[in-house]
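Source file: coords_18.csv. Holds: CSV, C-alpha atoms.
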```
chain,number,residue,atom,x,y,z
Q,499,MET,CA,23.8,-2.1,3.3
Q,500,TRP,CA,26.0,-3.7,0.7
Q,501,PRO,CA,28.5,-6.3,1.6
Q,502,GLY,CA,31.9,-4.8,2.4
Q,503,THR,CA,30.6,-1.4,3.4
Q,504,GLN,CA,30.7,-2.2,7.2
Q,505,ASP,CA,34.5,-2.5,7.5
Q,506,TRP,CA,35.3,1.1,8.3
Q,507,GLY,CA,37.5,0.2,11.3
Q,508,GLY,CA,40.7,0.2,9.4
Q,509,TRP,CA,40.0,3.7,8.2
Q,510,LEU,CA,40.0,4.9,11.8
Q,511,THR,CA,42.8,3.0,13.2
Q,512,SER,CA,45.4,4.4,10.8
Q,513,VAL,CA,44.8,8.1,11.2
Q,514,SER,CA,47.3,8.9,14.0
Q,515,VAL,CA,49.3,11.4,12.0
Q,516,PRO,CA,50.5,15.0,12.6
Q,517,VAL,CA,48.1,17.8,12.1
Q,518,HIS,CA,48.5,19.0,8.6
Q,519,ARG,CA,46.5,21.7,6.7
Q,520,GLU,CA,47.2,22.7,3.1
Q,521,ALA,CA,47.5,26.3,2.6
Q,522,ASP,CA,46.5,26.3,-1.1
Q,523,GLU,CA,42.9,27.1,-1.3
Q,524,LYS,CA,43.0,27.6,-5.1
Q,525,ALA,CA,43.0,24.0,-6.0
Q,526,PRO,CA,39.4,23.0,-6.6
Q,527,PRO,CA,37.8,20.5,-6.7
Q,528,VAL,CA,38.3,19.5,-3.1
Q,529,LEU,CA,36.7,16.1,-3.7
Q,530,GLN,CA,36.4,14.5,-7.1
Q,531,ALA,CA,35.5,11.1,-8.4
Q,532,GLN,CA,35.5,9.8,-11.9
Q,533,GLY,CA,34.1,6.5,-13.2
Q,534,LEU,CA,33.7,5.0,-9.8
Q,535,VAL,CA,32.5,1.4,-9.9
Q,536,ARG,CA,32.2,-1.0,-7.0
Q,537,GLU,CA,31.2,-4.6,-7.7
Q,538,TYR,CA,30.4,-7.4,-5.3
Q,539,GLY,CA,30.5,-10.5,-7.6
Q,540,SER,CA,27.7,-10.0,-10.1
Q,541,VAL,CA,26.2,-7.1,-8.2
Q,542,ILE,CA,27.2,-3.6,-9.2
Q,543,ALA,CA,26.6,-1.4,-6.1
Q,544,VAL,CA,28.2,1.7,-7.6
Q,545,ASP,CA,28.0,2.1,-11.3
Q,546,GLU,CA,30.1,4.8,-13.1
Q,547,ILE,CA,29.7,7.7,-10.6
Q,548,ASP,CA,31.3,11.1,-11.4
Q,549,LEU,CA,31.3,14.0,-9.0
Q,550,SER,CA,33.2,17.2,-8.5
Q,551,LEU,CA,32.9,19.3,-5.4
Q,552,ALA,CA,34.6,22.6,-4.6
Q,553,LYS,CA,35.4,24.1,-1.2
Q,554,GLY,CA,32.2,25.0,0.7
Q,555,GLU,CA,29.8,22.8,-1.3
Q,556,PHE,CA,27.2,20.6,0.5
Q,557,LEU,CA,26.0,17.7,-1.6
Q,558,THR,CA,23.0,15.7,-0.4
Q,559,ILE,CA,22.4,12.3,-2.0
Q,560,PHE,CA,19.0,10.8,-1.9
Q,561,GLY,CA,17.8,7.4,-3.1
Q,562,PRO,CA,15.9,4.3,-2.1
Q,563,ASN,CA,17.3,1.5,0.0
Q,564,GLY,CA,19.8,-0.5,-2.0
Q,565,ALA,CA,20.7,2.3,-4.3
Q,566,GLY,CA,24.4,2.1,-3.4
Q,567,LYS,CA,24.7,5.3,-1.4
Q,568,THR,CA,26.6,3.8,1.6
Q,569,SER,CA,29.0,2.0,-0.8
Q,570,LEU,CA,29.6,5.3,-2.5
Q,571,LEU,CA,30.4,7.1,0.7
Q,572,ALA,CA,32.8,4.3,1.7
Q,573,LEU,CA,34.6,4.8,-1.6
Q,574,LEU,CA,34.9,8.5,-1.2
Q,575,ALA,CA,36.2,8.0,2.4
Q,576,GLY,CA,38.9,5.5,1.2
Q,577,ALA,CA,37.3,2.8,3.4
Q,578,LEU,CA,36.5,0.7,0.3
Q,579,ARG,CA,38.6,0.2,-2.8
Q,580,PRO,CA,36.8,0.8,-6.1
Q,581,SER,CA,36.6,-2.0,-8.7
Q,582,ARG,CA,37.3,0.8,-11.2
Q,583,GLY,CA,37.6,4.5,-11.2
Q,584,GLN,CA,39.5,7.0,-9.1
Q,585,VAL,CA,39.0,9.5,-6.2
Q,586,TRP,CA,41.0,12.7,-5.9
Q,587,LEU,CA,41.4,14.9,-2.8
Q,588,ARG,CA,42.4,18.5,-3.9
Q,589,GLY,CA,43.8,17.1,-7.2
Q,590,GLU,CA,45.8,14.3,-5.6
Q,591,PRO,CA,44.8,10.7,-6.3
Q,592,LEU,CA,43.6,8.9,-3.2
Q,593,ASP,CA,46.4,6.6,-2.2
Q,594,PHE,CA,45.5,3.6,0.0
Q,595,GLY,CA,49.2,3.3,1.0
Q,596,GLU,CA,49.2,6.7,2.7
Q,597,VAL,CA,47.4,7.7,5.9
Q,598,GLU,CA,47.9,11.5,6.1
Q,599,TRP,CA,45.0,12.3,3.9
Q,600,ARG,CA,42.7,10.6,6.4
Q,601,ARG,CA,43.3,13.5,8.8
Q,602,ARG,CA,41.3,15.7,6.4
Q,603,ILE,CA,38.2,13.6,6.3
Q,604,GLY,CA,35.5,13.2,9.0
Q,605,VAL,CA,33.1,10.2,8.6
Q,606,LEU,CA,29.8,9.5,10.3
Q,607,SER,CA,28.7,6.0,9.4
Q,608,HIS,CA,26.0,3.6,10.6
Q,609,GLN,CA,28.4,2.0,13.1
Q,610,GLY,CA,29.4,5.1,15.0
Q,611,PHE,CA,32.7,3.6,16.2
Q,612,LEU,CA,32.0,4.3,19.9
Q,613,TYR,CA,33.0,2.2,22.8
Q,614,GLY,CA,30.1,1.3,25.0
Q,615,HIS,CA,32.2,0.7,28.2
Q,616,LEU,CA,33.7,4.2,28.0
Q,617,SER,CA,32.1,7.5,28.8
Q,618,ALA,CA,31.2,10.1,26.2
Q,619,GLU,CA,34.2,12.2,27.2
Q,620,GLU,CA,36.5,9.2,27.3
Q,621,ASN,CA,35.5,8.2,23.8
Q,622,LEU,CA,36.3,11.7,22.4
Q,623,ARG,CA,39.6,11.8,24.4
Q,624,PHE,CA,40.6,8.5,22.8
Q,625,TYR,CA,39.9,9.7,19.3
Q,626,GLY,CA,41.6,13.1,20.0
Q,627,GLN,CA,44.8,11.2,21.0
Q,628,LEU,CA,44.4,9.0,17.9
Q,629,PHE,CA,44.2,12.1,15.7
Q,630,GLY,CA,47.2,13.6,17.4
Q,631,LEU,CA,45.3,16.7,18.7
Q,632,SER,CA,47.5,19.0,20.8
Q,633,ASP,CA,44.7,20.5,22.9
Q,634,VAL,CA,42.5,17.5,23.5
Q,635,ASP,CA,40.9,18.8,26.7
Q,636,ASN,CA,39.5,22.0,25.2
Q,637,VAL,CA,38.5,20.4,21.9
Q,638,VAL,CA,36.6,17.6,23.7
Q,639,ARG,CA,34.8,20.1,26.0
Q,640,ASP,CA,33.9,22.3,23.0
Q,641,LYS,CA,32.5,19.4,21.0
Q,642,LEU,CA,30.4,18.1,23.9
Q,643,GLN,CA,29.0,21.5,24.4
Q,644,HIS,CA,28.3,22.1,20.7
Q,645,LEU,CA,26.4,18.8,20.4
Q,646,GLY,CA,24.5,19.4,23.6
Q,647,LEU,CA,26.2,16.5,25.5
Q,648,GLN,CA,28.1,18.4,28.2
Q,649,GLU,CA,25.7,17.1,30.9
Q,650,ARG,CA,26.2,13.5,29.8
Q,651,ALA,CA,30.0,13.7,29.5
Q,652,ALA,CA,30.5,11.2,32.2
Q,653,SER,CA,27.8,8.8,31.1
Q,654,LEU,CA,28.8,5.5,29.6
Q,655,VAL,CA,27.9,5.3,25.9
Q,656,ARG,CA,25.9,2.1,26.4
Q,657,ASP,CA,23.6,4.1,28.7
Q,658,LEU,CA,23.0,6.8,26.2
Q,659,SER,CA,19.9,7.0,24.0
Q,660,HIS,CA,20.2,6.4,20.3
Q,661,GLY,CA,19.9,10.1,19.6
Q,662,MET,CA,22.7,11.0,22.1
Q,663,ARG,CA,25.0,8.3,20.6
Q,664,GLN,CA,24.3,9.7,17.2
Q,665,ARG,CA,25.3,13.1,18.3
Q,666,LEU,CA,28.4,11.8,20.0
Q,667,ALA,CA,29.4,9.9,16.8
Q,668,LEU,CA,29.1,13.2,15.0
Q,669,ALA,CA,31.3,14.9,17.6
Q,670,ARG,CA,33.8,12.2,17.0
Q,671,ALA,CA,33.7,12.7,13.2
Q,672,LEU,CA,34.2,16.5,13.6
Q,673,LEU,CA,36.7,16.3,16.4
Q,674,HIS,CA,39.8,16.8,14.3
Q,675,ASP,CA,38.2,19.7,12.3
Q,676,PRO,CA,38.2,18.0,8.9
Q,677,ASP,CA,37.7,20.0,5.7
Q,678,ILE,CA,35.8,17.1,4.1
Q,679,VAL,CA,32.8,15.6,6.0
Q,680,LEU,CA,31.0,12.5,4.9
Q,681,LEU,CA,27.6,11.7,6.6
Q,682,ASP,CA,25.7,8.5,6.2
Q,683,GLU,CA,22.0,8.9,7.4
Q,684,PRO,CA,22.7,11.2,10.3
Q,685,TYR,CA,18.9,11.6,11.0
Q,686,THR,CA,18.2,7.9,11.4
Q,687,GLY,CA,16.2,7.1,14.6
Q,688,LEU,CA,16.3,10.6,16.0
Q,689,ASP,CA,13.4,12.1,17.9
Q,690,PRO,CA,12.3,15.6,16.9
Q,691,SER,CA,14.3,17.3,19.6
Q,692,ALA,CA,17.5,15.4,18.7
Q,693,ALA,CA,16.9,16.1,15.0
Q,694,LEU,CA,16.6,19.8,15.7
Q,695,VAL,CA,20.0,19.8,17.5
Q,696,LEU,CA,21.5,17.9,14.6
Q,697,GLN,CA,20.1,20.3,12.1
Q,698,GLY,CA,21.8,23.1,13.8
Q,699,VAL,CA,25.1,21.3,13.8
Q,700,LEU,CA,24.9,20.4,10.1
Q,701,SER,CA,23.9,24.0,9.3
Q,702,ASP,CA,27.1,25.1,11.0
Q,703,LEU,CA,29.1,22.9,8.6
Q,704,ARG,CA,28.0,25.3,5.8
Q,705,ASP,CA,30.7,27.6,6.9
Q,706,GLY,CA,32.3,28.0,3.4
Q,707,ARG,CA,35.5,26.1,4.3
Q,708,ARG,CA,34.2,22.5,4.4
Q,709,THR,CA,33.0,20.2,1.7
Q,710,VAL,CA,30.2,18.0,2.8
Q,711,VAL,CA,28.5,14.9,1.3
Q,712,MET,CA,25.5,13.6,3.1
Q,713,VAL,CA,23.3,10.6,2.4
Q,714,THR,CA,19.8,10.8,3.9
Q,715,HIS,CA,16.2,9.8,3.4
Q,716,ASN,CA,15.1,13.0,5.1
Q,717,LEU,CA,13.9,14.9,2.1
Q,718,SER,CA,13.0,18.3,3.7
Q,719,GLU,CA,16.1,18.7,5.9
Q,720,GLY,CA,18.4,17.2,3.4
Q,721,VAL,CA,17.5,19.5,0.5
Q,722,ALA,CA,17.4,22.6,2.9
Q,723,LEU,CA,21.1,22.1,3.7
Q,724,ALA,CA,22.2,21.3,0.2
Q,725,THR,CA,24.0,23.5,-2.3
Q,726,SER,CA,23.9,20.5,-4.7
Q,727,VAL,CA,21.6,17.5,-4.9
Q,728,ALA,CA,22.0,14.0,-6.4
Q,729,ILE,CA,19.4,11.3,-6.7
Q,730,MET,CA,20.8,7.8,-6.8
Q,731,ASN,CA,19.2,4.6,-8.0
Q,732,ARG,CA,20.6,1.2,-8.9
Q,733,GLY,CA,24.2,2.4,-8.4
Q,734,ARG,CA,23.9,5.5,-10.7
Q,735,PHE,CA,23.2,9.2,-10.3
Q,736,VAL,CA,19.8,9.4,-12.1
Q,737,TRP,CA,19.7,13.2,-11.4
Q,738,GLN,CA,22.3,15.6,-10.3
Q,739,GLY,CA,22.3,19.4,-10.1
Q,740,LYS,CA,22.2,22.5,-8.0
Q,741,ARG,CA,19.4,22.9,-5.5
Q,742,ALA,CA,18.4,26.1,-7.1
Q,743,GLU,CA,17.5,24.1,-10.2
Q,744,ILE,CA,14.7,22.3,-8.4
Q,745,GLU,CA,11.4,24.0,-8.7
Q,746,GLY,CA,8.3,23.3,-6.6
Q,747,ASP,CA,8.0,20.6,-4.0
Q,748,PHE,CA,11.1,18.5,-3.8
Q,749,GLY,CA,9.3,15.4,-2.5
Q,750,GLN,CA,7.2,15.3,-5.7
Q,751,PHE,CA,10.3,15.9,-7.8
Q,752,TYR,CA,12.2,13.2,-6.1
Q,753,HIS,CA,9.5,10.6,-6.4
Q,754,GLY,CA,8.9,11.5,-10.0
Q,755,VAL,CA,12.6,10.9,-10.8
Q,756,ILE,CA,12.6,7.5,-9.0
Q,757,GLU,CA,9.3,6.4,-10.7
Q,758,ARG,CA,10.7,7.2,-14.1
Q,759,GLU,CA,13.6,4.9,-13.4
Q,760,GLU,CA,11.5,1.9,-12.3
```
As structure tokens, the full file:
Amino acid sequence: MWPGTQDWGGWLTSVSVPVHREADEKAPPVLQAQGLVREYGSVIAVDEIDLSLAKGEFLTIFGPNGAGKTSLLALLAGALRPSRGQVWLRGEPLDFGEVEWRRRIGVLSHQGFLYGHLSAEENLRFYGQLFGLSDVDNVVRDKLQHLGLQERAASLVRDLSHGMRQRLALARALLHDPDIVLLDEPYTGLDPSAALVLQGVLSDLRDGRRTVVMVTHNLSEGVALATSVAIMNRGRFVWQGKRAEIEGDFGQFYHGVIEREE
């Protein structure tokens, strides 16, 4: 992980705003970036990234460790300021001085942002109140059930397995029903059973009304969910296109692209 990409806490602590949903669905792209650059001293983690995603698109980003994927997600989430370039949400420039736009984004990062001394249910209740949800009880109950955690609702987070904590972190990210969802390595450390549950939840995100960006090393599941694919290496998109453009085995295609860049 690049320096500076771990400080997502400020992103979460400033999201207590009234529920707001734009009615205009004719303003694509939902999420757009142009010329995004993030530098850490002499290191360029993100190097001139452009992307444009309409409502309902699911972009999966693949790439080796150190490619800059986590830094890119942090830039798209507004958790990290770009050195150069701009991010737009539904045509409006991302303004770090405002907080209302954060209500529309759900983020799953490596940290999870869960409190170990609280139960699974208490964690979601806390975030439900932070997001200003009007029906916290029902929303929390539905999310626990959707993620297969209803039987562990009273368990302390520190007593949960990694897979259960990962699912709870995803429940937190989706709690406020965001229309933009950013996922950083959601499959990491999951056993096959937990990965199957996660796959079902991620499939549900392809409901036509959300725009999703997912970073993963899981080639088969990642490409199966995608409508669009990007391969990132050394801070740049070295291949970007629709999933339908990829012929044959994606694993061979991916490794071929990376090898050409070495």
Quick one: residues within 7 Å of segment 720-736 of chain Q, all atoms listed in the file counted, chain neighbours fewer than 5 positions away excluded, as a short mmCIF file (atom, residue, chain, number, x, y, z; two decimals) with C-alpha atoms, in the frame of the given file?
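Produced file out34.cif, reproduced below:
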```cif
data_model
loop_
_atom_site.label_atom_id
_atom_site.label_comp_id
_atom_site.auth_asym_id
_atom_site.auth_seq_id
_atom_site.Cartn_x
_atom_site.Cartn_y
_atom_site.Cartn_z
CA ILE Q 542 27.20 -3.60 -9.20
CA ALA Q 543 26.60 -1.40 -6.10
CA VAL Q 544 28.20 1.70 -7.60
CA ASP Q 545 28.00 2.10 -11.30
CA GLU Q 546 30.10 4.80 -13.10
CA ILE Q 547 29.70 7.70 -10.60
CA GLU Q 555 29.80 22.80 -1.30
CA PHE Q 556 27.20 20.60 0.50
CA LEU Q 557 26.00 17.70 -1.60
CA THR Q 558 23.00 15.70 -0.40
CA ILE Q 559 22.40 12.30 -2.00
CA PHE Q 560 19.00 10.80 -1.90
CA GLY Q 561 17.80 7.40 -3.10
CA PRO Q 562 15.90 4.30 -2.10
CA ALA Q 565 20.70 2.30 -4.30
CA GLY Q 566 24.40 2.10 -3.40
CA SER Q 701 23.90 24.00 9.30
CA THR Q 714 19.80 10.80 3.90
CA ARG Q 741 19.40 22.90 -5.50
#
```
Residue nearest Ser632 of chain Q - candidates Q:Leu616, Q:His674, Q:Leu666, Q:Glu745, atoms counted: all atoms listed in the file: Q:His674
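For the choices Q:Lys553, Q:Arg758, Q:Arg663, Q:Lys567, the atom-to-atom distance to Met712 of chain Q is smallest for Q:Lys567 when using all atoms listed in the file.
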Top pick for closest residue to Leu658 of chain Q, considering Q:Gly630, Q:Gly614, Q:Pro591, Q:Pro684 and counting all atoms listed in the file: Q:Gly614
Leu549 of chain Q environment, 10 Å, all atoms listed in the file, sequence neighbours closer than 3 positions dropped, as a ChimeraX atom specification: /Q:527,529-534,557,585,728,735,738
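Across Q:Ala577, Q:Leu673, Q:Val655, Q:Leu622, the tightest approach to Gly604 of chain Q is made by Q:Leu673 when counting all atoms listed in the file.
Distance check against Gly706 of chain Q using all atoms listed in the file: of Q:Gly661, Q:Gly554, Q:Phe629, Q:Trp599, the minimum falls on Q:Gly554.
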Separation of atom CA of His715 of chain Q from atom CA of Tyr685 of chain Q, in Å and rounded to one decimal: 8.3 Å
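With all atoms listed in the file as the atoms that count, the minimum distance from Ala669 of chain Q to the choices Q:Tyr625, Q:Tyr538, Q:Trp737, Q:Trp586 is reached by Q:Tyr625.
Here atom CA of Arg602 of chain Q is placed at a distance of 13.0 Å from atom CA of Leu631 of chain Q.
Going from atom CA of Thr568 of chain Q to atom CA of Val637 of chain Q covers 28.8 Å.
Neighbours of Leu672 of chain Q closer than or equal to 9 Å, with only C-alpha atoms counted and sequence neighbours fewer than 5 positions away skipped, come out as Ile603, Gly604, Val605, Leu606, Lys641, Ala667 and Val679 of chain Q.
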Local residues around (30.6, 10.8, 28.9), at most 7 Å away, using all atoms listed in the file, as a PyMOL selection string: chain Q and resi 617-620+650-655
